[in-house]
Every structure is written in C-alpha cells, then in structure tokens.
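Colleague: Got work07.cif for you, mmCIF, C-alpha atoms and all ligand atoms:
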```
data_input
#
loop_
_atom_site.label_atom_id
_atom_site.label_comp_id
_atom_site.auth_asym_id
_atom_site.auth_seq_id
_atom_site.Cartn_x
_atom_site.Cartn_y
_atom_site.Cartn_z
CA MET C 1 -59.17 -20.73 -87.97
CA ASP C 2 -56.22 -21.01 -85.61
CA ASP C 3 -53.23 -18.67 -85.78
CA ARG C 4 -50.69 -21.26 -86.77
CA LEU C 5 -52.74 -22.40 -89.72
CA GLU C 6 -53.29 -18.82 -90.79
CA LYS C 7 -49.55 -18.16 -90.58
CA ILE C 8 -48.76 -21.21 -92.73
CA VAL C 9 -51.21 -20.02 -95.38
CA ARG C 10 -50.15 -16.36 -95.30
CA GLU C 11 -46.48 -17.29 -95.68
CA ARG C 12 -47.38 -18.85 -99.01
CA THR C 13 -49.43 -16.07 -100.56
CA GLY C 14 -48.09 -13.75 -103.23
CA GLY C 15 -46.37 -16.39 -105.35
CA GLU C 16 -47.84 -19.44 -107.03
CA PRO C 17 -51.47 -19.86 -105.98
CA VAL C 18 -51.82 -21.38 -102.51
CA CYS C 19 -52.79 -25.04 -102.56
CA LEU C 20 -51.97 -27.17 -99.55
CA PHE C 21 -53.00 -29.62 -96.91
CA ALA C 22 -51.86 -28.61 -93.42
CA TYR C 23 -51.86 -31.08 -90.53
CA ASP C 24 -51.51 -29.98 -86.92
CA LEU C 25 -49.71 -32.88 -85.26
CA ASP C 26 -49.95 -31.33 -81.79
CA ARG C 27 -53.70 -31.05 -82.05
CA LEU C 28 -53.83 -34.61 -83.37
CA ALA C 29 -51.84 -35.93 -80.41
CA GLU C 30 -53.91 -34.01 -77.88
CA HIS C 31 -57.20 -35.30 -79.29
CA VAL C 32 -56.11 -38.91 -79.71
CA ARG C 33 -54.50 -39.04 -76.27
CA ALA C 34 -57.74 -37.78 -74.69
CA VAL C 35 -59.83 -40.36 -76.58
CA VAL C 36 -57.55 -43.29 -75.75
CA ASP C 37 -57.12 -42.27 -72.09
CA SER C 38 -60.88 -42.13 -71.65
CA LEU C 39 -61.48 -45.77 -72.59
CA PRO C 40 -62.56 -48.16 -69.84
CA PRO C 41 -60.71 -51.44 -69.13
CA ARG C 42 -60.86 -54.18 -71.80
CA CYS C 43 -61.12 -51.57 -74.58
CA ARG C 44 -58.36 -50.90 -77.10
CA MET C 45 -58.13 -48.19 -79.76
CA PHE C 46 -56.61 -49.09 -83.10
CA TYR C 47 -56.15 -46.54 -85.86
CA ALA C 48 -57.83 -47.51 -89.15
CA MET C 49 -55.12 -46.40 -91.50
CA LYS C 50 -57.25 -45.99 -94.60
CA ALA C 51 -58.51 -42.64 -93.26
CA ASN C 52 -55.04 -41.18 -93.75
CA SER C 53 -51.78 -43.09 -93.99
CA ALA C 54 -49.33 -40.19 -94.34
CA ASP C 55 -46.07 -41.15 -92.65
CA PRO C 56 -45.82 -38.15 -90.24
CA LEU C 57 -49.38 -38.79 -89.05
CA LEU C 58 -48.63 -42.46 -88.44
CA ARG C 59 -45.48 -41.54 -86.52
CA ALA C 60 -47.46 -39.14 -84.34
CA LEU C 61 -50.17 -41.75 -83.73
CA ALA C 62 -48.02 -44.85 -83.14
CA PRO C 63 -47.12 -44.09 -79.51
CA LEU C 64 -50.70 -43.08 -78.66
CA VAL C 65 -52.90 -45.88 -80.00
CA ASP C 66 -52.90 -49.62 -79.27
CA GLY C 67 -52.00 -50.38 -82.87
CA PHE C 68 -52.93 -49.93 -86.51
CA GLU C 69 -55.65 -51.58 -88.55
CA VAL C 70 -54.49 -52.13 -92.13
CA ALA C 71 -56.45 -53.37 -95.12
CA SER C 72 -53.80 -53.97 -97.76
CA GLY C 73 -50.22 -55.09 -98.20
CA GLY C 74 -49.32 -51.46 -98.93
CA GLU C 75 -50.77 -50.26 -95.63
CA LEU C 76 -48.96 -53.08 -93.84
CA ASP C 77 -45.67 -51.84 -95.33
CA LYS C 78 -46.42 -48.30 -94.16
CA ALA C 79 -47.22 -49.53 -90.65
CA ARG C 80 -44.02 -51.56 -90.46
CA ALA C 81 -41.93 -48.65 -91.82
CA VAL C 82 -43.14 -46.55 -88.89
CA ASP C 83 -42.79 -49.19 -86.19
CA ALA C 84 -41.53 -52.75 -86.57
CA GLU C 85 -43.25 -53.86 -83.37
CA ILE C 86 -46.58 -52.04 -83.23
CA PRO C 87 -49.59 -54.38 -83.07
CA VAL C 88 -51.30 -54.61 -86.46
CA LEU C 89 -54.75 -55.92 -87.29
CA PHE C 90 -55.07 -57.08 -90.88
CA GLY C 91 -58.48 -56.68 -92.51
CA GLY C 92 -59.90 -55.88 -95.92
CA PRO C 93 -62.60 -57.56 -98.01
CA ALA C 94 -60.40 -59.15 -100.70
CA LYS C 95 -56.98 -60.24 -99.52
CA THR C 96 -54.61 -61.99 -101.90
CA PRO C 97 -52.84 -65.17 -100.77
CA ALA C 98 -49.55 -63.26 -101.01
CA GLU C 99 -50.85 -60.52 -98.68
CA ILE C 100 -51.98 -63.13 -96.15
CA ASP C 101 -48.57 -64.76 -96.32
CA ARG C 102 -46.80 -61.41 -95.78
CA ALA C 103 -49.13 -60.48 -92.93
CA LEU C 104 -48.23 -63.69 -91.12
CA ARG C 105 -44.51 -63.26 -91.80
CA CYS C 106 -44.73 -59.68 -90.46
CA GLY C 107 -46.25 -60.97 -87.25
CA VAL C 108 -49.62 -59.24 -87.39
CA THR C 109 -51.62 -59.65 -84.18
CA ARG C 110 -54.83 -60.84 -85.86
CA LEU C 111 -56.45 -61.25 -89.21
CA HIS C 112 -60.09 -60.41 -89.86
CA ALA C 113 -61.50 -63.07 -92.18
CA GLU C 114 -64.30 -62.09 -94.54
CA SER C 115 -65.26 -65.40 -96.18
CA ALA C 116 -64.96 -69.18 -96.00
CA LEU C 117 -62.32 -69.16 -98.73
CA GLU C 118 -60.31 -66.62 -96.74
CA LEU C 119 -60.39 -68.89 -93.71
CA HIS C 120 -58.88 -71.64 -95.87
CA ARG C 121 -56.27 -69.31 -97.35
CA ILE C 122 -55.24 -68.12 -93.89
CA SER C 123 -55.04 -71.68 -92.58
CA GLU C 124 -53.00 -72.81 -95.58
CA ALA C 125 -50.51 -69.97 -95.26
CA ALA C 126 -50.17 -70.41 -91.50
CA THR C 127 -49.68 -74.16 -91.80
CA ARG C 128 -47.00 -73.63 -94.44
CA LEU C 129 -45.22 -71.17 -92.15
CA GLY C 130 -45.55 -73.46 -89.16
CA THR C 131 -47.64 -71.00 -87.17
CA THR C 132 -51.20 -70.53 -85.97
CA ALA C 133 -53.04 -67.41 -87.08
CA GLU C 134 -55.37 -65.63 -84.69
CA VAL C 135 -58.56 -64.80 -86.56
CA LEU C 136 -61.78 -62.86 -86.05
CA LEU C 137 -64.70 -63.61 -88.32
CA ARG C 138 -66.22 -60.50 -89.81
CA VAL C 139 -70.00 -60.78 -89.72
CA ASN C 140 -72.61 -58.76 -91.56
CA LEU C 141 -75.35 -58.86 -88.92
CA ALA C 142 -78.88 -59.79 -89.87
CA GLY C 143 -80.66 -57.30 -87.60
CA PRO C 144 -83.15 -56.19 -86.43
CA PHE C 145 -81.15 -53.39 -84.85
CA PRO C 146 -82.10 -51.31 -81.83
CA SER C 147 -84.41 -48.49 -82.83
CA ALA C 148 -81.96 -45.61 -82.51
CA THR C 149 -79.24 -47.17 -84.62
CA LEU C 150 -78.72 -46.39 -88.25
CA ALA C 151 -79.29 -49.61 -90.14
CA MET C 152 -76.10 -49.72 -92.15
CA ALA C 153 -75.55 -53.41 -91.57
CA GLY C 154 -78.27 -55.95 -92.19
CA ARG C 155 -78.32 -55.23 -95.89
CA PRO C 156 -76.34 -56.72 -98.73
CA THR C 157 -72.71 -55.58 -98.89
CA GLN C 158 -69.48 -57.19 -100.03
CA PHE C 159 -68.23 -57.17 -96.43
CA GLY C 160 -67.97 -60.11 -94.09
CA ILE C 161 -69.99 -63.27 -93.74
CA SER C 162 -73.75 -63.03 -93.83
CA GLU C 163 -75.11 -63.88 -90.38
CA GLN C 164 -77.14 -66.81 -91.80
CA ASP C 165 -73.88 -68.41 -92.89
CA LEU C 166 -72.19 -67.93 -89.55
CA PRO C 167 -72.80 -71.41 -88.07
CA ALA C 168 -71.08 -73.04 -91.05
CA ALA C 169 -68.25 -70.51 -91.02
CA VAL C 170 -67.61 -71.00 -87.29
CA ALA C 171 -67.57 -74.79 -87.72
CA ARG C 172 -65.14 -74.44 -90.60
CA ALA C 173 -62.87 -72.05 -88.72
CA ARG C 174 -62.70 -74.41 -85.78
CA ALA C 175 -61.88 -77.39 -88.00
CA LEU C 176 -59.02 -75.72 -89.86
CA PRO C 177 -55.56 -76.53 -88.49
CA GLY C 178 -53.73 -73.24 -89.11
CA LEU C 179 -55.94 -70.81 -87.27
CA ARG C 180 -57.51 -70.04 -83.94
CA LEU C 181 -60.90 -68.32 -83.99
CA THR C 182 -60.85 -65.88 -81.09
CA GLY C 183 -63.96 -63.85 -81.84
CA PHE C 184 -65.90 -61.60 -84.16
CA HIS C 185 -65.54 -58.37 -86.09
CA LEU C 186 -68.68 -56.26 -86.38
CA HIS C 187 -67.85 -52.93 -88.07
CA SER C 188 -71.18 -51.82 -89.50
CA LEU C 189 -71.40 -48.04 -89.37
CA SER C 190 -69.86 -45.06 -91.07
CA ASN C 191 -69.88 -41.43 -89.97
CA ASN C 192 -72.39 -42.01 -87.19
CA LEU C 193 -73.18 -38.78 -85.33
CA SER C 194 -75.38 -40.14 -82.54
CA ALA C 195 -73.75 -41.22 -79.28
CA GLU C 196 -77.01 -42.83 -78.23
CA ALA C 197 -77.16 -44.90 -81.41
CA HIS C 198 -73.56 -45.93 -80.92
CA LEU C 199 -74.18 -47.08 -77.35
CA GLU C 200 -77.27 -49.02 -78.37
CA LEU C 201 -75.39 -50.68 -81.19
CA LEU C 202 -72.52 -51.67 -78.89
CA ALA C 203 -74.99 -53.17 -76.41
CA HIS C 204 -76.58 -55.04 -79.29
CA TYR C 205 -73.15 -56.38 -80.28
CA GLY C 206 -72.60 -57.59 -76.73
CA ARG C 207 -75.94 -59.41 -76.57
CA THR C 208 -75.39 -60.88 -80.04
CA VAL C 209 -71.98 -62.28 -79.12
CA ALA C 210 -73.42 -63.77 -75.92
CA ARG C 211 -76.15 -65.46 -77.98
CA TRP C 212 -73.60 -66.84 -80.46
CA GLU C 213 -71.51 -68.26 -77.63
CA ALA C 214 -74.50 -70.26 -76.43
CA GLU C 215 -75.44 -71.27 -79.96
CA PHE C 216 -71.97 -72.39 -81.05
CA GLY C 217 -70.69 -73.59 -77.68
CA MET C 218 -67.64 -71.37 -77.96
CA ARG C 219 -65.83 -68.87 -75.78
CA CYS C 220 -65.25 -65.52 -77.44
CA GLU C 221 -62.07 -63.72 -76.39
CA VAL C 222 -61.99 -60.67 -78.64
CA VAL C 223 -64.71 -58.55 -80.24
CA ASN C 224 -63.88 -55.83 -82.73
CA VAL C 225 -66.60 -53.18 -82.76
CA GLY C 226 -65.10 -51.31 -85.71
CA GLY C 227 -65.01 -47.57 -86.27
CA GLY C 228 -67.69 -45.37 -87.75
CA ILE C 229 -67.69 -42.54 -85.22
CA GLY C 230 -68.59 -39.49 -87.21
CA VAL C 231 -67.65 -35.89 -87.78
CA ASN C 232 -70.49 -33.43 -88.21
CA TYR C 233 -69.44 -31.49 -91.30
CA ALA C 234 -72.84 -29.80 -91.55
CA ASP C 235 -72.82 -28.38 -88.02
CA LEU C 236 -69.32 -28.03 -86.61
CA ASP C 237 -70.67 -27.10 -83.16
CA ALA C 238 -72.63 -30.35 -82.80
CA GLN C 239 -69.95 -33.03 -82.78
CA PHE C 240 -70.24 -36.67 -81.70
CA ASP C 241 -70.66 -36.84 -77.93
CA TRP C 242 -67.67 -39.04 -77.11
CA PRO C 243 -67.68 -38.09 -73.41
CA ARG C 244 -71.20 -39.52 -73.14
CA VAL C 245 -70.10 -42.74 -74.82
CA VAL C 246 -67.25 -43.28 -72.38
CA ARG C 247 -69.49 -42.39 -69.43
CA GLU C 248 -72.05 -45.00 -70.40
CA LEU C 249 -69.66 -47.54 -71.89
CA PRO C 250 -68.94 -49.51 -68.68
CA ALA C 251 -72.66 -50.39 -68.34
CA VAL C 252 -72.85 -51.32 -72.01
CA LEU C 253 -69.78 -53.54 -71.69
CA ASP C 254 -71.68 -55.60 -69.10
CA GLU C 255 -73.66 -56.97 -72.05
CA PHE C 256 -70.52 -58.65 -73.37
CA PRO C 257 -69.64 -62.09 -72.00
CA GLU C 258 -67.29 -61.73 -69.05
CA GLN C 259 -64.39 -63.64 -70.50
CA VAL C 260 -64.15 -61.35 -73.56
CA ARG C 261 -60.73 -59.99 -72.71
CA GLU C 262 -60.47 -57.36 -75.39
CA ILE C 263 -62.90 -55.04 -77.16
CA ASP C 264 -61.22 -53.37 -80.11
CA PHE C 265 -62.28 -50.07 -81.59
CA GLU C 266 -60.72 -49.27 -84.96
CA CYS C 267 -61.48 -45.66 -85.72
CA GLY C 268 -60.26 -43.62 -88.64
CA ARG C 269 -62.27 -40.48 -89.29
CA TYR C 270 -62.90 -39.53 -85.67
CA LEU C 271 -59.21 -39.63 -84.78
CA VAL C 272 -57.69 -37.68 -87.66
CA ALA C 273 -60.32 -35.54 -89.44
CA GLY C 274 -59.94 -32.57 -87.09
CA CYS C 275 -56.17 -32.17 -87.45
CA GLY C 276 -56.21 -31.44 -91.18
CA ALA C 277 -57.12 -28.42 -93.30
CA TYR C 278 -57.17 -27.93 -97.07
CA ALA C 279 -56.32 -24.36 -98.17
CA VAL C 280 -56.84 -23.23 -101.74
CA GLU C 281 -56.51 -19.85 -103.40
CA VAL C 282 -59.41 -18.34 -105.28
CA LEU C 283 -58.26 -17.96 -108.91
CA ASP C 284 -61.42 -16.30 -110.12
CA VAL C 285 -64.95 -15.41 -109.11
CA LYS C 286 -67.97 -15.11 -111.37
CA HIS C 287 -71.71 -14.79 -111.43
CA ASN C 288 -73.07 -17.26 -113.98
CA HIS C 289 -76.79 -17.71 -114.73
CA GLY C 290 -77.67 -16.35 -111.33
CA VAL C 291 -75.15 -18.41 -109.32
CA ASP C 292 -72.08 -17.07 -107.50
CA TYR C 293 -68.94 -19.11 -108.11
CA ALA C 294 -65.46 -19.11 -106.64
CA LEU C 295 -63.00 -21.11 -108.75
CA VAL C 296 -60.02 -22.37 -106.79
CA ARG C 297 -56.54 -23.77 -107.42
CA GLY C 298 -57.41 -27.35 -106.43
CA GLY C 299 -60.66 -29.29 -106.28
CA THR C 300 -62.16 -32.72 -105.88
CA HIS C 301 -59.09 -34.42 -107.44
CA GLN C 302 -57.30 -33.42 -104.22
CA PHE C 303 -60.20 -33.31 -101.79
CA ARG C 304 -62.88 -35.73 -102.94
CA LEU C 305 -64.57 -36.00 -99.54
CA PRO C 306 -67.42 -33.53 -100.22
CA SER C 307 -68.27 -35.16 -103.53
CA SER C 308 -68.07 -38.70 -102.15
CA TRP C 309 -70.38 -37.79 -99.25
CA GLN C 310 -72.47 -35.43 -101.38
CA HIS C 311 -72.10 -32.65 -98.85
CA SER C 312 -71.14 -29.01 -98.88
CA HIS C 313 -67.85 -28.83 -96.97
CA PRO C 314 -67.50 -26.02 -94.42
CA PHE C 315 -64.82 -23.39 -95.10
CA ASP C 316 -63.52 -20.04 -93.92
CA VAL C 317 -62.50 -17.17 -96.18
CA LEU C 318 -59.01 -15.89 -95.41
CA GLU C 319 -58.80 -12.38 -96.79
CA VAL C 320 -55.56 -11.64 -98.60
CA ASP C 321 -55.14 -7.93 -99.27
CA GLU C 322 -52.16 -8.20 -101.58
CA TRP C 323 -53.06 -8.17 -105.31
CA ASN C 324 -50.13 -8.24 -107.73
CA SER C 325 -51.87 -7.61 -111.02
CA SER C 326 -52.80 -4.65 -113.16
CA ALA C 327 -56.15 -6.34 -113.84
CA PRO C 328 -59.14 -5.11 -111.82
CA ARG C 329 -59.65 -7.47 -108.86
CA PRO C 330 -63.06 -9.17 -109.12
CA GLU C 331 -65.10 -9.75 -106.00
CA LEU C 332 -68.52 -10.97 -104.94
CA ARG C 333 -70.32 -9.35 -102.01
CA ASP C 334 -72.99 -10.98 -99.88
CA ALA C 335 -72.62 -13.97 -102.12
CA LEU C 336 -74.44 -17.28 -102.03
CA LEU C 337 -71.25 -19.01 -102.98
CA THR C 338 -70.60 -22.29 -104.76
CA VAL C 339 -66.95 -23.31 -104.59
CA VAL C 340 -65.63 -25.24 -107.55
CA GLY C 341 -62.21 -26.53 -108.54
CA GLU C 342 -59.98 -26.45 -111.59
CA LEU C 343 -61.32 -29.60 -113.26
CA CYS C 344 -63.26 -29.45 -116.52
CA THR C 345 -66.32 -31.14 -115.09
CA PRO C 346 -69.42 -29.69 -113.40
CA LYS C 347 -68.98 -32.31 -110.65
CA ASP C 348 -65.90 -30.57 -109.28
CA VAL C 349 -67.80 -28.91 -106.41
CA LEU C 350 -66.44 -28.50 -102.88
CA ALA C 351 -69.24 -26.43 -101.33
CA SER C 352 -72.65 -25.22 -102.49
CA GLU C 353 -74.61 -22.05 -101.84
CA VAL C 354 -72.84 -20.85 -98.74
CA ARG C 355 -73.49 -17.28 -97.64
CA VAL C 356 -70.25 -15.25 -97.46
CA PRO C 357 -69.98 -11.48 -96.93
CA ARG C 358 -67.20 -11.09 -99.49
CA VAL C 359 -64.84 -13.16 -101.57
CA ARG C 360 -62.22 -11.94 -104.02
CA ALA C 361 -59.83 -13.50 -106.48
CA GLY C 362 -56.63 -13.92 -104.48
CA ASP C 363 -58.35 -14.74 -101.16
CA VAL C 364 -57.77 -18.22 -99.73
CA LEU C 365 -60.53 -20.64 -98.73
CA VAL C 366 -59.67 -22.92 -95.84
CA PHE C 367 -61.62 -26.17 -95.50
CA GLY C 368 -61.31 -27.61 -91.98
CA HIS C 369 -61.86 -31.20 -90.81
CA ALA C 370 -60.00 -32.35 -93.90
CA GLY C 371 -57.63 -34.81 -92.22
CA ALA C 372 -59.60 -37.97 -93.00
CA TYR C 373 -60.61 -39.34 -96.41
CA GLY C 374 -59.42 -36.15 -98.12
CA TRP C 375 -56.24 -36.48 -100.16
CA GLU C 376 -56.27 -40.25 -99.50
CA ILE C 377 -59.39 -41.00 -101.51
CA SER C 378 -58.84 -38.53 -104.34
CA HIS C 379 -57.96 -39.07 -108.00
CA HIS C 380 -54.83 -36.92 -107.88
CA ASP C 381 -53.72 -37.05 -111.48
CA PHE C 382 -56.98 -36.41 -113.28
CA LEU C 383 -56.18 -33.45 -115.56
CA SER C 384 -52.49 -33.50 -114.55
CA HIS C 385 -52.53 -30.49 -112.27
CA PRO C 386 -49.66 -30.13 -109.79
CA HIS C 387 -50.18 -31.77 -106.41
CA PRO C 388 -50.80 -29.68 -103.29
CA GLU C 389 -48.12 -29.11 -100.71
CA HIS C 390 -48.46 -31.22 -97.54
CA VAL C 391 -47.39 -29.38 -94.40
CA PHE C 392 -47.10 -31.27 -91.11
CA HIS C 393 -46.58 -28.87 -88.26
CA THR C 394 -45.77 -29.26 -84.62
CA ASP C 395 -44.34 -26.93 -81.99
CA ALA C 396 -41.61 -29.48 -81.42
CA GLY C 397 -40.22 -28.33 -84.78
C1 LIG C 401 -63.12 -47.87 -92.86
C2 LIG C 401 -63.07 -48.85 -91.78
C3 LIG C 401 -62.86 -48.44 -90.46
C4 LIG C 401 -62.72 -47.00 -90.07
O1 LIG C 401 -63.91 -46.34 -90.26
P1 LIG C 401 -64.11 -44.83 -89.75
O2 LIG C 401 -65.50 -44.55 -90.17
O3 LIG C 401 -63.10 -43.99 -90.43
O4 LIG C 401 -63.92 -44.85 -88.28
C5 LIG C 401 -62.76 -49.41 -89.49
N1 LIG C 401 -62.89 -50.73 -89.79
C6 LIG C 401 -63.11 -51.15 -91.04
C7 LIG C 401 -63.23 -52.59 -91.32
C8 LIG C 401 -63.21 -50.24 -92.08
O5 LIG C 401 -63.45 -50.67 -93.32
#
```
Transcribe the structure of this file into structure tokens.
Modeller:
Amino acid sequence: MDDRLEKIVRERTGGEPVCLFAYDLDRLAEHVRAVVDSLPPRCRMFYAMKANSADPLLRALAPLVDGFEVASGGELDKARAVDAEIPVLFGGPAKTPAEIDRALRCGVTRLHAESALELHRISEAATRLGTTAEVLLRVNLAGPFPSATLAMAGRPTQFGISEQDLPAAVARARALPGLRLTGFHLHSLSNNLSAEAHLELLAHYGRTVARWEAEFGMRCEVVNVGGGIGVNYADLDAQFDWPRVVRELPAVLDEFPEQVREIDFECGRYLVAGCGAYAVEVLDVKHNHGVDYALVRGGTHQFRLPSSWQHSHPFDVLEVDEWNSSAPRPELRDALLTVVGELCTPKDVLASEVRVPRVRAGDVLVFGHAGAYGWEISHHDFLSHPHPEHVFHTDAG
C-alpha cells in the first residue's frame, strides 16, 4: 500500500468507521500517459466510460486520451460536462431514438450501430437534422478464432450484428441516406490477461476486415478493436503484458488493409482499475462453524466487482492500534479469512479464505485495483446504509 493512501485512511480512523474509495489521480495520469504514448501510428485510445465515470477521473483523463466512448445519454452528458469538444464515440446495445438524436446534436464523432433498426433510426435522425452520421457496424464474429484467444465472441449475445447477417446489414447501411458506413466495431473480450491472445485476436480482426472488404467491395476506414484488456486480480504480480503488445503491434497492424486510417481501442478496466482503492473498517471478527470472518463497514452494495466476477478480491490489512472502547478487542490470528459486508445476505462476500497473520476489529482492510467496475456497478441503496466517501487525490492539490 502506498504512503499517501495509508495517510488518507489513517486520517479517518478513530471516528465513524472508515469507508471510502480513494483514487490517485497522479498515478492514473502516469499510467494512462504511458499507455497512450506507446501506441503506434494509426492507433487511438478512447476511454470506455462505463468502467468509472466519476467527474474528477474524467477530467484527469480528458487531456490524455483521444476521446471518450459512451453508451448512454447520461454518459454523453457527463462527457460533455467535462469537455465540450472532446471526441466522443457513441455505442451501447439499445439506444433510444432520443439518445441518437442528442448524440448527433452534440456532435459525436461516430456512432456504433448494433442492429438494422438502429441503422434506420440513425439515418432518420441524421436526415431530420440535415447531417450525415458516421457509423461503424458492431459485429459479433462467427469464429473460428485463433487458438490462443478466449472465445468470448462467436456465441449468442445481445451485442452487435451476427456475422451471418453482415452482408444484408452492410447493403442496408450503404443504401440509407443519413449515414456513412466507415468501418466495423469488434469488441469481443473482457478482462483478457494474455498478451499473446490479444495480439492473435487483433491479427484475426485485421484479416477479417480485409476479407469483408473483398466480399462487400468496400473500403474500410476505421476499425474499433474494443477494450477487454484485463487486470489480474488473482495474481497482482502477473499483469497483462502491455509492453509486449505494443512491441508486436506494428507487425499485427500489417494485417489490416492499408487504407484503414484509424484503429480505435476503447479500454475501461485497464486504464482506471489500478488508480482506485476501497478501504473499509473491520466492525467485528468471528469464528463461525469453523470459518474465520471479518465483517466490514461496507460490502458488495458499494463494491460489487468481486461478486460479479465471482472472485476473491485481494486486500491488505492496515493495522490500527487505537481502540476506543471498554469492550475487549476481538482478533483472529493466523486466520483463513473470509471478508463479508454489512448486508443481511450470505452473498455479501468480498474475499474468501485468505491467509492473514492477524486481523482485529478496528483494523482497516484496503482493497486495491478497485478503480474500475467497483462503485459504478453496485446497488448502493440496498439496505439504506450510508454511502462511502470518495477521495480524489493529487499532489497538485
Ligand atoms: C465495456 C466495454 C468496453 C470496455 O471494456 P473493458 O473491458 O473495461 O476494457 C469497450 N467497448 C464496449 C463496447 C464495451 O461494452
């Protein structure tokens, strides 16, 4: 745990139980700048806002990335509140006609269309506004995929147009008056940890787009390769090998047709997970039917990530020596600890059977890599507990 984070947590002990998200905006900027600067020509990095759309994070990211990817009218509003000019890509599987209309009025750079009806809705809105919308077709690829890739596309999902239906969708897009089809959107992975798999998948995308060009007699200008670069929550020392990806990316990009002028990445998790931590005070510890439990002020209603991914989230124990109670202070030693929250449901589990030398009521557990899909995806008001504090820190003040 870094010193600044520890200081933030320690400053809050001794009063109401600690419960907070802390975001290190300097660390965020350093990481994102390094990722963006490492990209070869033709590549752009957009931030997929659904991972975390907190205003201070967006403000820190706006000058560093090529733009934001939004998937709702609400996200579009947040993007525009931060920067009226920043390029915005508008996606999402079920857009309302009103959202499409607003997106066009707000001057989004491109829309990602997910169905034939959406193509019509976009064309209608654009025609009404006297403009032409730039559109990528989102495709759910048929496979087969290269051996090393995780087959997360090529199966039924609600996303995009099934590859079998692509010829008809392309013909339709080209016939509609209000839009210009400039390429394809191929996001088909989530939390991928293998650089090799990622490179193979990108090469596969390139070859697929080249094949479609021949098949449909079209020139593709833009390909969106999505996000899906992962964070290894199970082994923090074995993170995604981004340096390898950028080393080998130029060769992989040769698979894409030459005139593709732009290859868009739209990453969420990989950009912001590392800058956030969730710190919660241990309210009680107990040994129940042979299992060691720490019960914390907080839980999955604030940090649903471990329950949504069915993983045990890594944490550190911050020892707090102060104990302001006449009650004996309970502790567990050499515990095989399961960390649970304050909700009245056995599903409120943040970590399972983790060996810790000691944990006491009044200590604070700090869950790292909590900056993406943490607070954002959680059911905050279940059981009406108070919300955590959100601390955004930077040396700039
Ligand atoms: C969620 C999502 C992303 C971002 O995914 P990460 O795994 O966070 O990188 C990008 N594009 C689309 C279409 C998405 O739905």
Colleague: Around ligand LIG 401 (chain C), which protein and nucleic acid residues have at least one atom no more than 9 Å from it, if we count only C-alpha atoms and all ligand atoms? List them as a count of residues only.
Modeller: 41
Colleague: Tell me, as a list in words, which residues lie within 9 Å of Val349 of chain C, counting all atoms listed in the file; anything in the same chain fewer than 4 positions away does not count.
Modeller: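 Contacts, with the query itself left out: Gly299, Thr300, Pro306, Ser307, Ser312, Thr338, Val339, Val340 and Gly341 of chain C.
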Colleague: Would you work out the distance separating atom CA of Pro328 of chain C from atom CA of Ala361 of chain C, expressed in Å to one decimal?
Modeller: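 Interatomic distance here is 10.0 Å.
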Colleague: Could you jot down the atom CA of Arg121 of chain C to atom CA of Thr182 of chain C separation for me, Å, one decimal place?
Modeller: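 Separating atom CA of Arg121 of chain C from atom CA of Thr182 of chain C is a distance of 17.2 Å.
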Colleague: Counting only C-alpha atoms, what is within 12 Å of Leu28 of chain C, bar same-chain residues fewer than 2 positions away, as number ranges by chain?
Modeller: C: 22-26, 30-35, 56-62, 64-65, 269-276, 369, 371-372, 392-394
Colleague: With distances taken over all atoms listed in the file, which of C:Ala279, C:Asp3, C:Ala335, C:Val285 is nearest to Val391 of chain C?
Modeller: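 Closest to Val391 of chain C of all the choices is C:Ala279.
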Colleague: So which residues touch Ala234 of chain C within 8 Å, counting all atoms listed in the file, skipping near sequence neighbours fewer than 3 positions away, as a PDB file with C-alpha atoms, in the frame of the given file?
Modeller:
```
ATOM      1  CA  HIS C 311     -72.100 -32.650 -98.850  1.00  0.00           C
ATOM      2  CA  SER C 312     -71.140 -29.010 -98.880  1.00  0.00           C
ATOM      3  CA  HIS C 313     -67.850 -28.830 -96.970  1.00  0.00           C
ATOM      4  CA  PRO C 314     -67.500 -26.020 -94.420  1.00  0.00           C
TER       5      PRO C 314
END
```
Colleague: Take segment 364-368 of chain C, bring it up to all heavy atoms, and give me the output as a PDB file, in the coordinates of the input.
Modeller:
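This is the output file out27.pdb:
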```
ATOM      1  N   VAL C 364     -58.007 -16.777 -99.885  1.00  0.00           N
ATOM      2  CA  VAL C 364     -57.770 -18.220 -99.730  1.00  0.00           C
ATOM      3  C   VAL C 364     -58.948 -18.820 -98.969  1.00  0.00           C
ATOM      4  O   VAL C 364     -59.378 -18.259 -97.944  1.00  0.00           O
ATOM      5  CB  VAL C 364     -56.436 -18.492 -98.998  1.00  0.00           C
ATOM      6  CG1 VAL C 364     -56.262 -19.986 -98.712  1.00  0.00           C
ATOM      7  CG2 VAL C 364     -55.259 -17.970 -99.823  1.00  0.00           C
ATOM      8  N   LEU C 365     -59.467 -19.920 -99.447  1.00  0.00           N
ATOM      9  CA  LEU C 365     -60.530 -20.640 -98.730  1.00  0.00           C
ATOM     10  C   LEU C 365     -59.889 -21.787 -97.958  1.00  0.00           C
ATOM     11  O   LEU C 365     -59.080 -22.540 -98.514  1.00  0.00           O
ATOM     12  CB  LEU C 365     -61.570 -21.177 -99.716  1.00  0.00           C
ATOM     13  CG  LEU C 365     -62.193 -20.142-100.664  1.00  0.00           C
ATOM     14  CD1 LEU C 365     -63.301 -20.793-101.496  1.00  0.00           C
ATOM     15  CD2 LEU C 365     -62.732 -18.938 -99.895  1.00  0.00           C
ATOM     16  N   VAL C 366     -60.265 -21.892 -96.693  1.00  0.00           N
ATOM     17  CA  VAL C 366     -59.670 -22.920 -95.840  1.00  0.00           C
ATOM     18  C   VAL C 366     -60.768 -23.884 -95.390  1.00  0.00           C
ATOM     19  O   VAL C 366     -61.688 -23.496 -94.661  1.00  0.00           O
ATOM     20  CB  VAL C 366     -58.962 -22.293 -94.630  1.00  0.00           C
ATOM     21  CG1 VAL C 366     -58.344 -23.383 -93.763  1.00  0.00           C
ATOM     22  CG2 VAL C 366     -57.884 -21.310 -95.090  1.00  0.00           C
ATOM     23  N   PHE C 367     -60.653 -25.124 -95.855  1.00  0.00           N
ATOM     24  CA  PHE C 367     -61.620 -26.170 -95.500  1.00  0.00           C
ATOM     25  C   PHE C 367     -61.065 -26.942 -94.301  1.00  0.00           C
ATOM     26  O   PHE C 367     -60.021 -27.588 -94.414  1.00  0.00           O
ATOM     27  CB  PHE C 367     -61.819 -27.123 -96.680  1.00  0.00           C
ATOM     28  CG  PHE C 367     -62.490 -26.478 -97.866  1.00  0.00           C
ATOM     29  CD1 PHE C 367     -61.744 -25.745 -98.793  1.00  0.00           C
ATOM     30  CD2 PHE C 367     -63.864 -26.597 -98.043  1.00  0.00           C
ATOM     31  CE1 PHE C 367     -62.365 -25.142 -99.883  1.00  0.00           C
ATOM     32  CE2 PHE C 367     -64.483 -25.996 -99.131  1.00  0.00           C
ATOM     33  CZ  PHE C 367     -63.732 -25.267-100.053  1.00  0.00           C
ATOM     34  N   GLY C 368     -61.760 -26.886 -93.176  1.00  0.00           N
ATOM     35  CA  GLY C 368     -61.310 -27.610 -91.980  1.00  0.00           C
ATOM     36  C   GLY C 368     -61.796 -29.053 -91.995  1.00  0.00           C
ATOM     37  O   GLY C 368     -62.463 -29.503 -92.938  1.00  0.00           O
TER      38      GLY C 368
END
```
